[in-house]
$ cat coords.pdb   # PDB, C-alpha atoms and all ligand atoms
ATOM      1  CA  VAL A   1      42.921 -33.892 164.630  1.00  0.00           C
ATOM      2  CA  PRO A   2      44.868 -36.698 166.282  1.00  0.00           C
ATOM      3  CA  VAL A   3      42.764 -39.012 168.441  1.00  0.00           C
ATOM      4  CA  SER A   4      45.131 -41.555 169.902  1.00  0.00           C
ATOM      5  CA  VAL A   5      48.108 -43.794 169.265  1.00  0.00           C
ATOM      6  CA  TYR A   6      47.649 -47.549 169.478  1.00  0.00           C
ATOM      7  CA  PRO A   7      50.467 -50.068 169.837  1.00  0.00           C
ATOM      8  CA  ALA A   8      48.755 -52.434 167.397  1.00  0.00           C
ATOM      9  CA  ARG A   9      47.734 -51.472 163.891  1.00  0.00           C
ATOM     10  CA  GLN A  10      44.663 -53.688 164.161  1.00  0.00           C
ATOM     11  CA  SER A  11      43.324 -51.686 167.109  1.00  0.00           C
ATOM     12  CA  ALA A  12      43.785 -48.461 165.168  1.00  0.00           C
ATOM     13  CA  ASP A  13      42.044 -49.903 162.102  1.00  0.00           C
ATOM     14  CA  GLY A  14      39.184 -51.051 164.356  1.00  0.00           C
ATOM     15  CA  ILE A  15      38.709 -47.538 165.758  1.00  0.00           C
ATOM     16  CA  VAL A  16      38.785 -46.083 162.226  1.00  0.00           C
ATOM     17  CA  GLN A  17      35.994 -48.459 161.218  1.00  0.00           C
ATOM     18  CA  GLN A  18      33.942 -47.531 164.278  1.00  0.00           C
ATOM     19  CA  VAL A  19      34.353 -43.797 163.648  1.00  0.00           C
ATOM     20  CA  ARG A  20      33.337 -44.152 160.011  1.00  0.00           C
ATOM     21  CA  THR A  21      30.294 -46.272 160.776  1.00  0.00           C
ATOM     22  CA  GLY A  22      29.168 -44.176 163.737  1.00  0.00           C
ATOM     23  CA  LYS A  23      29.646 -47.010 166.222  1.00  0.00           C
ATOM     24  CA  LEU A  24      31.323 -44.718 168.727  1.00  0.00           C
ATOM     25  CA  LYS A  25      29.040 -42.309 170.560  1.00  0.00           C
ATOM     26  CA  ALA A  26      31.396 -39.355 170.190  1.00  0.00           C
ATOM     27  CA  TYR A  27      31.382 -39.774 166.405  1.00  0.00           C
ATOM     28  CA  CYS A  28      27.657 -40.182 165.767  1.00  0.00           C
ATOM     29  CA  PRO A  29      25.859 -40.166 163.501  1.00  0.00           C
ATOM     30  CA  ALA A  30      27.655 -42.156 160.813  1.00  0.00           C
ATOM     31  CA  GLY A  31      29.074 -39.943 158.099  1.00  0.00           C
ATOM     32  CA  PHE A  32      29.747 -36.945 160.314  1.00  0.00           C
ATOM     33  CA  TYR A  33      33.372 -37.949 160.810  1.00  0.00           C
ATOM     34  CA  ASP A  34      36.067 -39.552 158.708  1.00  0.00           C
ATOM     35  CA  ALA A  35      39.122 -41.264 160.126  1.00  0.00           C
ATOM     36  CA  TYR A  36      42.367 -42.872 159.071  1.00  0.00           C
ATOM     37  CA  ALA A  37      45.206 -44.772 160.717  1.00  0.00           C
ATOM     38  CA  ALA A  38      48.822 -43.858 160.006  1.00  0.00           C
ATOM     39  CA  ILE A  39      52.213 -45.292 160.879  1.00  0.00           C
ATOM     40  CA  HIS A  40      53.573 -43.811 164.096  1.00  0.00           C
ATOM     41  CA  PRO A  41      56.834 -44.521 165.991  1.00  0.00           C
ATOM     42  CA  ASP A  42      54.760 -46.121 168.794  1.00  0.00           C
ATOM     43  CA  GLY A  43      52.424 -48.103 166.547  1.00  0.00           C
ATOM     44  CA  ALA A  44      49.542 -46.543 164.669  1.00  0.00           C
ATOM     45  CA  ALA A  45      47.990 -43.114 165.097  1.00  0.00           C
ATOM     46  CA  VAL A  46      44.311 -42.466 164.446  1.00  0.00           C
ATOM     47  CA  TRP A  47      43.335 -39.088 163.033  1.00  0.00           C
ATOM     48  CA  VAL A  48      39.784 -37.880 162.589  1.00  0.00           C
ATOM     49  CA  ARG A  49      38.220 -35.091 160.565  1.00  0.00           C
ATOM     50  CA  TYR A  50      34.784 -33.534 160.837  1.00  0.00           C
ATOM     51  CA  MET A  51      32.918 -33.795 157.550  1.00  0.00           C
ATOM     52  CA  VAL A  52      29.806 -31.733 158.082  1.00  0.00           C
ATOM     53  CA  GLY A  53      29.673 -28.574 156.002  1.00  0.00           C
ATOM     54  CA  ALA A  54      32.791 -29.589 154.134  1.00  0.00           C
ATOM     55  CA  VAL A  55      32.062 -29.337 150.454  1.00  0.00           C
ATOM     56  CA  GLU A  56      34.327 -31.061 147.958  1.00  0.00           C
ATOM     57  CA  LEU A  57      36.742 -32.406 150.520  1.00  0.00           C
ATOM     58  CA  GLU A  58      39.771 -33.850 148.821  1.00  0.00           C
ATOM     59  CA  PRO A  59      40.196 -37.566 149.422  1.00  0.00           C
ATOM     60  CA  LEU A  60      43.049 -38.471 151.723  1.00  0.00           C
ATOM     61  CA  PRO A  61      46.068 -39.423 149.610  1.00  0.00           C
ATOM     62  CA  ASP A  62      47.988 -42.641 150.324  1.00  0.00           C
ATOM     63  CA  ASN A  63      51.306 -41.234 149.312  1.00  0.00           C
ATOM     64  CA  LEU A  64      53.085 -38.232 147.865  1.00  0.00           C
ATOM     65  CA  THR A  65      55.473 -37.979 144.958  1.00  0.00           C
ATOM     66  CA  VAL A  66      58.047 -35.298 145.614  1.00  0.00           C
ATOM     67  CA  ARG A  67      61.255 -33.996 144.093  1.00  0.00           C
ATOM     68  CA  VAL A  68      64.000 -33.559 146.640  1.00  0.00           C
ATOM     69  CA  PRO A  69      67.658 -32.610 146.363  1.00  0.00           C
ATOM     70  CA  ASP A  70      70.134 -35.362 147.183  1.00  0.00           C
ATOM     71  CA  TYR A  71      73.313 -33.967 148.715  1.00  0.00           C
ATOM     72  CA  GLY A  72      75.123 -37.278 148.721  1.00  0.00           C
ATOM     73  CA  PRO A  73      76.677 -39.099 151.663  1.00  0.00           C
ATOM     74  CA  GLU A  74      76.712 -37.123 154.877  1.00  0.00           C
ATOM     75  CA  GLY A  75      79.358 -34.456 155.202  1.00  0.00           C
ATOM     76  CA  ARG A  76      80.106 -34.102 151.504  1.00  0.00           C
ATOM     77  CA  ASP A  77      77.329 -31.591 150.995  1.00  0.00           C
ATOM     78  CA  GLU A  78      77.464 -31.507 147.228  1.00  0.00           C
ATOM     79  CA  LEU A  79      74.309 -31.597 145.190  1.00  0.00           C
ATOM     80  CA  VAL A  80      74.271 -35.002 143.519  1.00  0.00           C
ATOM     81  CA  GLU A  81      70.893 -34.728 141.845  1.00  0.00           C
ATOM     82  CA  ILE A  82      67.223 -33.928 142.262  1.00  0.00           C
ATOM     83  CA  ARG A  83      65.432 -37.185 142.979  1.00  0.00           C
ATOM     84  CA  THR A  84      61.754 -37.893 142.444  1.00  0.00           C
ATOM     85  CA  VAL A  85      60.631 -40.173 145.250  1.00  0.00           C
ATOM     86  CA  VAL A  86      57.445 -41.545 146.765  1.00  0.00           C
ATOM     87  CA  ILE A  87      56.800 -41.027 150.470  1.00  0.00           C
ATOM     88  CA  SER A  88      53.893 -41.461 152.846  1.00  0.00           C
ATOM     89  CA  ALA A  89      51.174 -38.805 152.796  1.00  0.00           C
ATOM     90  CA  THR A  90      51.457 -38.608 156.573  1.00  0.00           C
ATOM     91  CA  CYS A  91      54.098 -37.255 158.938  1.00  0.00           C
ATOM     92  CA  PRO A  92      56.285 -40.138 160.177  1.00  0.00           C
ATOM     93  CA  ARG A  93      56.384 -38.693 163.685  1.00  0.00           C
ATOM     94  CA  CYS A  94      52.708 -38.069 164.447  1.00  0.00           C
ATOM     95  CA  GLY A  95      50.624 -39.419 161.551  1.00  0.00           C
ATOM     96  CA  GLY A  96      49.201 -36.002 160.633  1.00  0.00           C
ATOM     97  CA  LEU A  97      48.776 -35.201 156.960  1.00  0.00           C
ATOM     98  CA  ARG A  98      51.842 -33.767 155.315  1.00  0.00           C
ATOM     99  CA  GLY A  99      51.434 -30.287 153.862  1.00  0.00           C
ATOM    100  CA  LYS A 100      50.563 -29.301 150.321  1.00  0.00           C
ATOM    101  CA  VAL A 101      53.490 -29.745 147.966  1.00  0.00           C
ATOM    102  CA  ASN A 102      54.795 -26.655 146.195  1.00  0.00           C
ATOM    103  CA  SER A 103      57.488 -26.323 143.606  1.00  0.00           C
ATOM    104  CA  THR A 104      60.432 -24.092 144.346  1.00  0.00           C
ATOM    105  CA  ARG A 105      63.636 -23.054 142.587  1.00  0.00           C
ATOM    106  CA  PHE A 106      67.081 -22.631 144.018  1.00  0.00           C
ATOM    107  CA  VAL A 107      70.506 -21.805 142.672  1.00  0.00           C
ATOM    108  CA  ARG A 108      73.487 -23.981 143.451  1.00  0.00           C
ATOM    109  CA  ASP A 109      76.970 -23.680 141.944  1.00  0.00           C
ATOM    110  CA  GLY A 110      75.606 -21.318 139.335  1.00  0.00           C
ATOM    111  CA  ALA A 111      72.860 -23.671 138.161  1.00  0.00           C
ATOM    112  CA  THR A 112      69.139 -23.347 138.791  1.00  0.00           C
ATOM    113  CA  HIS A 113      67.326 -26.386 140.121  1.00  0.00           C
ATOM    114  CA  SER A 114      63.735 -26.977 140.990  1.00  0.00           C
ATOM    115  CA  CYS A 115      62.452 -29.189 143.793  1.00  0.00           C
ATOM    116  CA  ASP A 116      59.482 -29.429 146.168  1.00  0.00           C
ATOM    117  CA  THR A 117      58.735 -27.965 149.567  1.00  0.00           C
ATOM    118  CA  TRP A 118      55.888 -28.490 151.989  1.00  0.00           C
ATOM    119  CA  HIS A 119      54.981 -27.409 155.494  1.00  0.00           C
ATOM    120  CA  ASN A 120      53.244 -29.884 157.739  1.00  0.00           C
ATOM    121  CA  ALA A 121      50.365 -28.497 159.762  1.00  0.00           C
ATOM    122  CA  CYS A 122      51.471 -30.643 162.723  1.00  0.00           C
ATOM    123  CA  GLY A 123      54.657 -28.585 162.981  1.00  0.00           C
ATOM    124  CA  HIS A 124      57.083 -31.439 162.348  1.00  0.00           C
ATOM    125  CA  GLN A 125      59.451 -30.507 159.560  1.00  0.00           C
ATOM    126  CA  ASP A 126      60.723 -33.041 157.056  1.00  0.00           C
ATOM    127  CA  ALA A 127      64.441 -32.825 156.339  1.00  0.00           C
ATOM    128  CA  TYR A 128      65.339 -33.855 152.801  1.00  0.00           C
ATOM    129  CA  VAL A 129      67.825 -36.426 154.142  1.00  0.00           C
ATOM    130  CA  THR A 130      65.071 -38.080 156.181  1.00  0.00           C
ATOM    131  CA  VAL A 131      62.697 -37.962 153.225  1.00  0.00           C
ATOM    132  CA  LEU A 132      65.262 -39.734 151.038  1.00  0.00           C
ATOM    133  CA  ALA A 133      65.792 -42.365 153.724  1.00  0.00           C
ATOM    134  CA  GLU A 134      62.026 -42.905 154.026  1.00  0.00           C
ATOM    135  CA  ALA A 135      61.691 -43.305 150.264  1.00  0.00           C
ATOM    136  CA  GLN A 136      64.549 -45.791 150.207  1.00  0.00           C
ATOM    137  CA  GLU A 137      62.960 -47.848 152.983  1.00  0.00           C
ATOM    138  CA  ARG A 138      59.678 -47.801 151.123  1.00  0.00           C
ATOM    139  CA  GLU A 139      61.298 -49.050 147.940  1.00  0.00           C
ATOM    140  CA  ALA A 140      63.080 -51.842 149.806  1.00  0.00           C
ATOM    141  CA  LEU A 141      59.774 -52.896 151.361  1.00  0.00           C
ATOM    142  CA  LEU A 142      58.022 -52.903 147.985  1.00  0.00           C
ATOM    143  CA  LYS A 143      60.785 -55.048 146.552  1.00  0.00           C
ATOM    144  CA  ARG A 144      60.300 -57.578 149.332  1.00  0.00           C
ATOM    145  CA  LEU A 145      56.554 -57.614 148.692  1.00  0.00           C
ATOM    146  CA  LEU A 146      56.893 -57.815 144.926  1.00  0.00           C
ATOM    147  CA  PRO A 147      57.168 -61.611 144.632  1.00  0.00           C
ATOM    148  CA  ARG A 148      53.824 -61.832 146.415  1.00  0.00           C
ATOM    149  CA  VAL A 149      51.993 -59.636 143.950  1.00  0.00           C
ATOM    150  CA  TYR A 150      53.845 -61.092 140.988  1.00  0.00           C
ATOM    151  CA  ARG A 151      51.245 -62.603 138.699  1.00  0.00           C
ATOM    152  CA  MET A 152      51.939 -66.042 137.328  1.00  0.00           C
ATOM    153  CA  ARG A 153      51.897 -66.213 133.530  1.00  0.00           C
ATOM    154  CA  GLY A 154      51.913 -69.072 131.051  1.00  0.00           C
ATOM    155  CA  VAL A 155      54.722 -69.854 128.610  1.00  0.00           C
ATOM    156  CA  PRO A 156      53.972 -67.871 125.406  1.00  0.00           C
ATOM    157  CA  GLY A 157      52.954 -70.287 122.683  1.00  0.00           C
ATOM    158  CA  GLY A 158      52.735 -73.151 125.160  1.00  0.00           C
ATOM    159  CA  LEU A 159      49.862 -75.624 125.164  1.00  0.00           C
ATOM    160  CA  PHE A 160      48.866 -74.525 128.667  1.00  0.00           C
ATOM    161  CA  ALA A 161      49.533 -70.803 128.245  1.00  0.00           C
ATOM    162  CA  THR A 162      45.874 -69.772 128.506  1.00  0.00           C
ATOM    163  CA  ALA A 163      45.235 -72.155 131.385  1.00  0.00           C
ATOM    164  CA  VAL A 164      48.196 -70.847 133.379  1.00  0.00           C
ATOM    165  CA  ASP A 165      47.169 -67.237 132.670  1.00  0.00           C
ATOM    166  CA  LEU A 166      43.725 -67.981 134.073  1.00  0.00           C
ATOM    167  CA  ILE A 167      45.164 -69.750 137.108  1.00  0.00           C
ATOM    168  CA  GLY A 168      47.485 -66.754 137.580  1.00  0.00           C
ATOM    169  CA  ASP A 169      44.443 -64.502 137.827  1.00  0.00           C
ATOM    170  CA  LEU A 170      42.784 -66.824 140.341  1.00  0.00           C
ATOM    171  CA  VAL A 171      45.920 -67.069 142.445  1.00  0.00           C
ATOM    172  CA  ALA A 172      46.335 -63.281 142.431  1.00  0.00           C
ATOM    173  CA  ASP A 173      42.901 -63.045 144.054  1.00  0.00           C
ATOM    174  CA  ASP A 174      43.438 -65.912 146.458  1.00  0.00           C
ATOM    175  CA  ARG A 175      46.863 -67.447 146.923  1.00  0.00           C
ATOM    176  CA  MET A 176      45.379 -70.513 148.597  1.00  0.00           C
ATOM    177  CA  VAL A 177      42.958 -71.413 145.811  1.00  0.00           C
ATOM    178  CA  ARG A 178      43.023 -75.177 145.200  1.00  0.00           C
ATOM    179  CA  ALA A 179      43.822 -77.009 141.990  1.00  0.00           C
ATOM    180  CA  HIS A 180      40.381 -78.586 141.775  1.00  0.00           C
ATOM    181  CA  ALA A 181      38.665 -75.203 142.096  1.00  0.00           C
ATOM    182  CA  ALA A 182      40.902 -73.899 139.310  1.00  0.00           C
ATOM    183  CA  ALA A 183      40.040 -76.932 137.164  1.00  0.00           C
ATOM    184  CA  ASP A 184      36.324 -76.207 137.622  1.00  0.00           C
ATOM    185  CA  VAL A 185      36.807 -72.595 136.550  1.00  0.00           C
ATOM    186  CA  LEU A 186      38.802 -73.695 133.498  1.00  0.00           C
ATOM    187  CA  GLU A 187      36.173 -76.225 132.528  1.00  0.00           C
ATOM    188  CA  GLN A 188      33.452 -73.610 132.772  1.00  0.00           C
ATOM    189  CA  ALA A 189      35.562 -71.351 130.567  1.00  0.00           C
ATOM    190  CA  GLY A 190      35.617 -74.109 127.938  1.00  0.00           C
ATOM    191  CA  HIS A 191      39.078 -75.506 128.661  1.00  0.00           C
ATOM    192  CA  VAL A 192      37.863 -79.031 129.331  1.00  0.00           C
ATOM    193  CA  TRP A 193      41.034 -80.858 128.380  1.00  0.00           C
ATOM    194  CA  GLU A 194      43.274 -78.598 130.497  1.00  0.00           C
ATOM    195  CA  ALA A 195      40.884 -79.092 133.403  1.00  0.00           C
ATOM    196  CA  GLU A 196      41.270 -82.871 133.032  1.00  0.00           C
ATOM    197  CA  VAL A 197      45.073 -82.641 132.997  1.00  0.00           C
ATOM    198  CA  ILE A 198      44.973 -80.553 136.177  1.00  0.00           C
ATOM    199  CA  ARG A 199      42.631 -82.970 137.956  1.00  0.00           C
ATOM    200  CA  ALA A 200      44.730 -85.956 136.985  1.00  0.00           C
ATOM    201  CA  TYR A 201      47.847 -84.263 138.338  1.00  0.00           C
ATOM    202  CA  ALA A 202      46.197 -82.929 141.499  1.00  0.00           C
ATOM    203  CA  ASN A 203      44.677 -86.312 142.328  1.00  0.00           C
ATOM    204  CA  GLY A 204      48.155 -87.639 142.979  1.00  0.00           C
ATOM    205  CA  SER A 205      48.625 -85.099 145.750  1.00  0.00           C
ATOM    206  CA  THR A 206      48.578 -85.967 149.443  1.00  0.00           C
ATOM    207  CA  VAL A 207      48.475 -82.317 150.553  1.00  0.00           C
ATOM    208  CA  ARG A 208      45.790 -81.723 153.128  1.00  0.00           C
ATOM    209  CA  GLY A 209      42.922 -79.777 151.588  1.00  0.00           C
ATOM    210  CA  GLY A 210      44.156 -80.653 148.121  1.00  0.00           C
ATOM    211  CA  MET A 211      46.945 -79.386 145.912  1.00  0.00           C
ATOM    212  CA  LEU A 212      47.291 -75.643 145.483  1.00  0.00           C
ATOM    213  CA  ALA A 213      46.478 -74.154 142.083  1.00  0.00           C
ATOM    214  CA  ARG A 214      49.825 -72.354 141.995  1.00  0.00           C
ATOM    215  CA  SER A 215      51.651 -75.706 142.252  1.00  0.00           C
ATOM    216  CA  VAL A 216      49.686 -76.932 139.265  1.00  0.00           C
ATOM    217  CA  ALA A 217      50.530 -73.778 137.328  1.00  0.00           C
ATOM    218  CA  VAL A 218      54.238 -74.378 137.951  1.00  0.00           C
ATOM    219  CA  TYR A 219      53.810 -77.961 136.729  1.00  0.00           C
ATOM    220  CA  LEU A 220      51.995 -76.848 133.565  1.00  0.00           C
ATOM    221  CA  ASN A 221      54.644 -74.238 132.831  1.00  0.00           C
ATOM    222  CA  ASP A 222      57.318 -76.890 133.290  1.00  0.00           C
ATOM    223  CA  ARG A 223      55.624 -79.076 130.729  1.00  0.00           C
ATOM    224  CA  ASP A 224      55.360 -76.185 128.280  1.00  0.00           C
ATOM    225  CA  THR A 225      58.997 -75.267 128.790  1.00  0.00           C
ATOM    226  CA  ASP A 226      59.921 -78.880 128.137  1.00  0.00           C
ATOM    227  CA  ARG A 227      57.999 -78.885 124.895  1.00  0.00           C
ATOM    228  CA  THR A 228      59.187 -75.529 123.630  1.00  0.00           C
ATOM    229  CA  GLY A 229      62.762 -75.668 124.866  1.00  0.00           C
ATOM    230  CA  ILE A 230      63.744 -79.240 124.151  1.00  0.00           C
ATOM    231  CA  GLN A 231      63.094 -81.290 121.008  1.00  0.00           C
ATOM    232  CA  ASP A 232      60.063 -83.353 121.778  1.00  0.00           C
ATOM    233  CA  THR A 233      61.017 -86.992 121.339  1.00  0.00           C
ATOM    234  CA  ARG A 234      57.843 -88.337 122.876  1.00  0.00           C
ATOM    235  CA  GLY A 235      55.829 -87.864 119.745  1.00  0.00           C
ATOM    236  CA  GLY A 236      53.713 -85.214 121.339  1.00  0.00           C
ATOM    237  CA  ALA A 237      52.041 -87.678 123.674  1.00  0.00           C
ATOM    238  CA  LEU A 238      50.961 -85.791 126.758  1.00  0.00           C
TER     239      LEU A 238
HETATM  240 ZN    ZN A 301      53.887 -34.494 162.624  1.00  0.00          ZN
END
$ encode --input "coords.pdb" --output "structure tokens" --more "lines below"
Ligand SMILES: [Zn+2]
Amino acid sequence: VPVSVYPARQSADGIVQQVRTGKLKAYCPAGFYDAYAAIHPDGAAVWVRYMVGAVELEPLPDNLTVRVPDYGPEGRDELVEIRTVVISATCPRCGGLRGKVNSTRFVRDGATHSCDTWHNACGHQDAYVTVLAEAQEREALLKRLLPRVYRMRGVPGGLFATAVDLIGDLVADDRMVRAHAAADVLEQAGHVWEAEVIRAYANGSTVRGGMLARSVAVYLNDRDTDRTGIQDTRGGAL
């Protein structure tokens, strides 16, 4: 059932936490209720479900993969193709869970196609056009976020390949991890020489709090690209 809509996502997430941990009197004791926050036109909606007596409750899905017909640009009304897209598991208008997805068949211009249908318990119906638009928005958002989750990798065959791979893992966990912390991890992993190179480079930095590990990784990759891409005329002196 819907509880409330909050203008700020953080407030909604806070309420969800309090429901789950039994911090709110109405939802005591802990474990009797489950809650989630969902995107809503006015901010974030909190929905709660009663857990007692519910055996084998399915976990709440984050998203749904559905097949929907694409009728092309508005007005043309010709079936372009059946698209498989990913959309939110919740209704964009109220945050309630979208209905169970069922496969259906339909005939168009003499050909049989199959796509998905679902009925939302909240009563809001999803038009295929809106679903396609939602999926497109979602993809655009993921593309914008992609550089942030992109994991830094070393130059294959490069002298620092392993070191950069390790730093990439550290940076993926914490983007603000410092070069010196990365050097310590490398040293502990047995890469003493690489750790020394990193420290020497990072010591020249005037950045407050110390140079970032990701800057060092870029530097190491540059050196490896230099060595693998261009004839090394420096006699291999590093
Ligand atoms: Zn709804």
$ residues_near_ligand --input "coords.pdb" --ligand "ligand ZN 301 (chain A)" --cutoff "9 Å" --atoms "all atoms listed in the file" --output "list in words"
Thr90, Cys91, Pro92, Arg93, Cys94, Gly95, Gly96, Leu97, Arg98, Asn120, Ala121, Cys122, Gly123, His124, Gln125 and Asp126 of chain A
$ residues_around --input "coords.pdb" --residues "region 151-163 of chain A" --least-positions-apart "6" --cutoff "12 Å" --atoms "all atoms listed in the file" --output "ChimeraX atom specification"
/A:169-175,179,182-198,213-229,236,238
$ closest_residue --input "coords.pdb" --among "A:Gly14, A:Pro41, A:Gly72, A:Pro61" --to "Ile87 (chain A)" --atoms "all atoms listed in the file"
A:Pro61
$ atom_distance --input "coords.pdb" --atom1 "CA of Ser103 (chain A)" --atom2 "CA of Leu132 (chain A)"
17.2 Å
$ closest_residue --input "coords.pdb" --among "A:Arg67, A:Arg144, A:His40, A:His180" --to "Arg105 (chain A)" --atoms "only C-alpha atoms"
A:Arg67
$ decode --input "coords.pdb" --residues "region 30-38 of chain A" --atoms "all heavy atoms" --output "PDB file, in the first residue's frame"
ATOM      1  N   ALA A  30      10.166  -4.801  14.308  1.00  0.00           N
ATOM      2  CA  ALA A  30      10.978  -4.893  13.094  1.00  0.00           C
ATOM      3  C   ALA A  30      10.735  -6.230  12.404  1.00  0.00           C
ATOM      4  O   ALA A  30      10.604  -7.256  13.063  1.00  0.00           O
ATOM      5  CB  ALA A  30      12.461  -4.756  13.449  1.00  0.00           C
ATOM      6  N   GLY A  31      10.604  -6.198  11.106  1.00  0.00           N
ATOM      7  CA  GLY A  31      10.412  -7.437  10.358  1.00  0.00           C
ATOM      8  C   GLY A  31       8.961  -7.690   9.990  1.00  0.00           C
ATOM      9  O   GLY A  31       8.665  -8.532   9.154  1.00  0.00           O
ATOM     10  N   PHE A  32       8.045  -6.971  10.629  1.00  0.00           N
ATOM     11  CA  PHE A  32       6.634  -7.159  10.306  1.00  0.00           C
ATOM     12  C   PHE A  32       6.276  -6.497   8.979  1.00  0.00           C
ATOM     13  O   PHE A  32       5.350  -6.900   8.299  1.00  0.00           O
ATOM     14  CB  PHE A  32       5.744  -6.599  11.431  1.00  0.00           C
ATOM     15  CG  PHE A  32       5.436  -7.603  12.505  1.00  0.00           C
ATOM     16  CD1 PHE A  32       6.387  -8.518  12.921  1.00  0.00           C
ATOM     17  CD2 PHE A  32       4.178  -7.647  13.112  1.00  0.00           C
ATOM     18  CE1 PHE A  32       6.117  -9.455  13.904  1.00  0.00           C
ATOM     19  CE2 PHE A  32       3.892  -8.589  14.094  1.00  0.00           C
ATOM     20  CZ  PHE A  32       4.857  -9.485  14.491  1.00  0.00           C
ATOM     21  N   TYR A  33       7.016  -5.452   8.644  1.00  0.00           N
ATOM     22  CA  TYR A  33       6.715  -4.696   7.422  1.00  0.00           C
ATOM     23  C   TYR A  33       7.961  -4.542   6.555  1.00  0.00           C
ATOM     24  O   TYR A  33       9.066  -4.474   7.069  1.00  0.00           O
ATOM     25  CB  TYR A  33       6.189  -3.306   7.763  1.00  0.00           C
ATOM     26  CG  TYR A  33       4.843  -3.328   8.452  1.00  0.00           C
ATOM     27  CD1 TYR A  33       4.771  -3.433   9.840  1.00  0.00           C
ATOM     28  CD2 TYR A  33       3.661  -3.240   7.722  1.00  0.00           C
ATOM     29  CE1 TYR A  33       3.536  -3.455  10.483  1.00  0.00           C
ATOM     30  CE2 TYR A  33       2.436  -3.257   8.352  1.00  0.00           C
ATOM     31  CZ  TYR A  33       2.374  -3.369   9.747  1.00  0.00           C
ATOM     32  OH  TYR A  33       1.161  -3.395  10.367  1.00  0.00           O
ATOM     33  N   ASP A  34       7.736  -4.490   5.253  1.00  0.00           N
ATOM     34  CA  ASP A  34       8.819  -4.190   4.329  1.00  0.00           C
ATOM     35  C   ASP A  34       8.399  -2.925   3.579  1.00  0.00           C
ATOM     36  O   ASP A  34       7.207  -2.656   3.441  1.00  0.00           O
ATOM     37  CB  ASP A  34       9.031  -5.348   3.346  1.00  0.00           C
ATOM     38  CG  ASP A  34      10.300  -5.157   2.519  1.00  0.00           C
ATOM     39  OD1 ASP A  34      11.151  -4.347   2.932  1.00  0.00           O
ATOM     40  OD2 ASP A  34      10.432  -5.824   1.483  1.00  0.00           O
ATOM     41  N   ALA A  35       9.386  -2.172   3.128  1.00  0.00           N
ATOM     42  CA  ALA A  35       9.068  -0.924   2.447  1.00  0.00           C
ATOM     43  C   ALA A  35      10.041  -0.686   1.307  1.00  0.00           C
ATOM     44  O   ALA A  35      11.125  -1.249   1.278  1.00  0.00           O
ATOM     45  CB  ALA A  35       9.130   0.234   3.425  1.00  0.00           C
ATOM     46  N   TYR A  36       9.617   0.136   0.362  1.00  0.00           N
ATOM     47  CA  TYR A  36      10.538   0.579  -0.685  1.00  0.00           C
ATOM     48  C   TYR A  36      10.148   1.989  -1.122  1.00  0.00           C
ATOM     49  O   TYR A  36       9.018   2.422  -0.905  1.00  0.00           O
ATOM     50  CB  TYR A  36      10.543  -0.383  -1.877  1.00  0.00           C
ATOM     51  CG  TYR A  36       9.305  -0.364  -2.744  1.00  0.00           C
ATOM     52  CD1 TYR A  36       9.194   0.531  -3.810  1.00  0.00           C
ATOM     53  CD2 TYR A  36       8.255  -1.247  -2.502  1.00  0.00           C
ATOM     54  CE1 TYR A  36       8.061   0.537  -4.603  1.00  0.00           C
ATOM     55  CE2 TYR A  36       7.117  -1.247  -3.294  1.00  0.00           C
ATOM     56  CZ  TYR A  36       7.023  -0.349  -4.354  1.00  0.00           C
ATOM     57  OH  TYR A  36       5.896  -0.338  -5.128  1.00  0.00           O
ATOM     58  N   ALA A  37      11.111   2.685  -1.715  1.00  0.00           N
ATOM     59  CA  ALA A  37      10.849   4.019  -2.251  1.00  0.00           C
ATOM     60  C   ALA A  37      10.926   3.940  -3.766  1.00  0.00           C
ATOM     61  O   ALA A  37      11.778   3.245  -4.306  1.00  0.00           O
ATOM     62  CB  ALA A  37      11.872   5.008  -1.725  1.00  0.00           C
ATOM     63  N   ALA A  38      10.011   4.614  -4.440  1.00  0.00           N
ATOM     64  CA  ALA A  38       9.987   4.571  -5.907  1.00  0.00           C
ATOM     65  C   ALA A  38       9.855   5.977  -6.466  1.00  0.00           C
ATOM     66  O   ALA A  38       9.299   6.873  -5.816  1.00  0.00           O
ATOM     67  CB  ALA A  38       8.819   3.712  -6.384  1.00  0.00           C
TER      68      ALA A  38
END
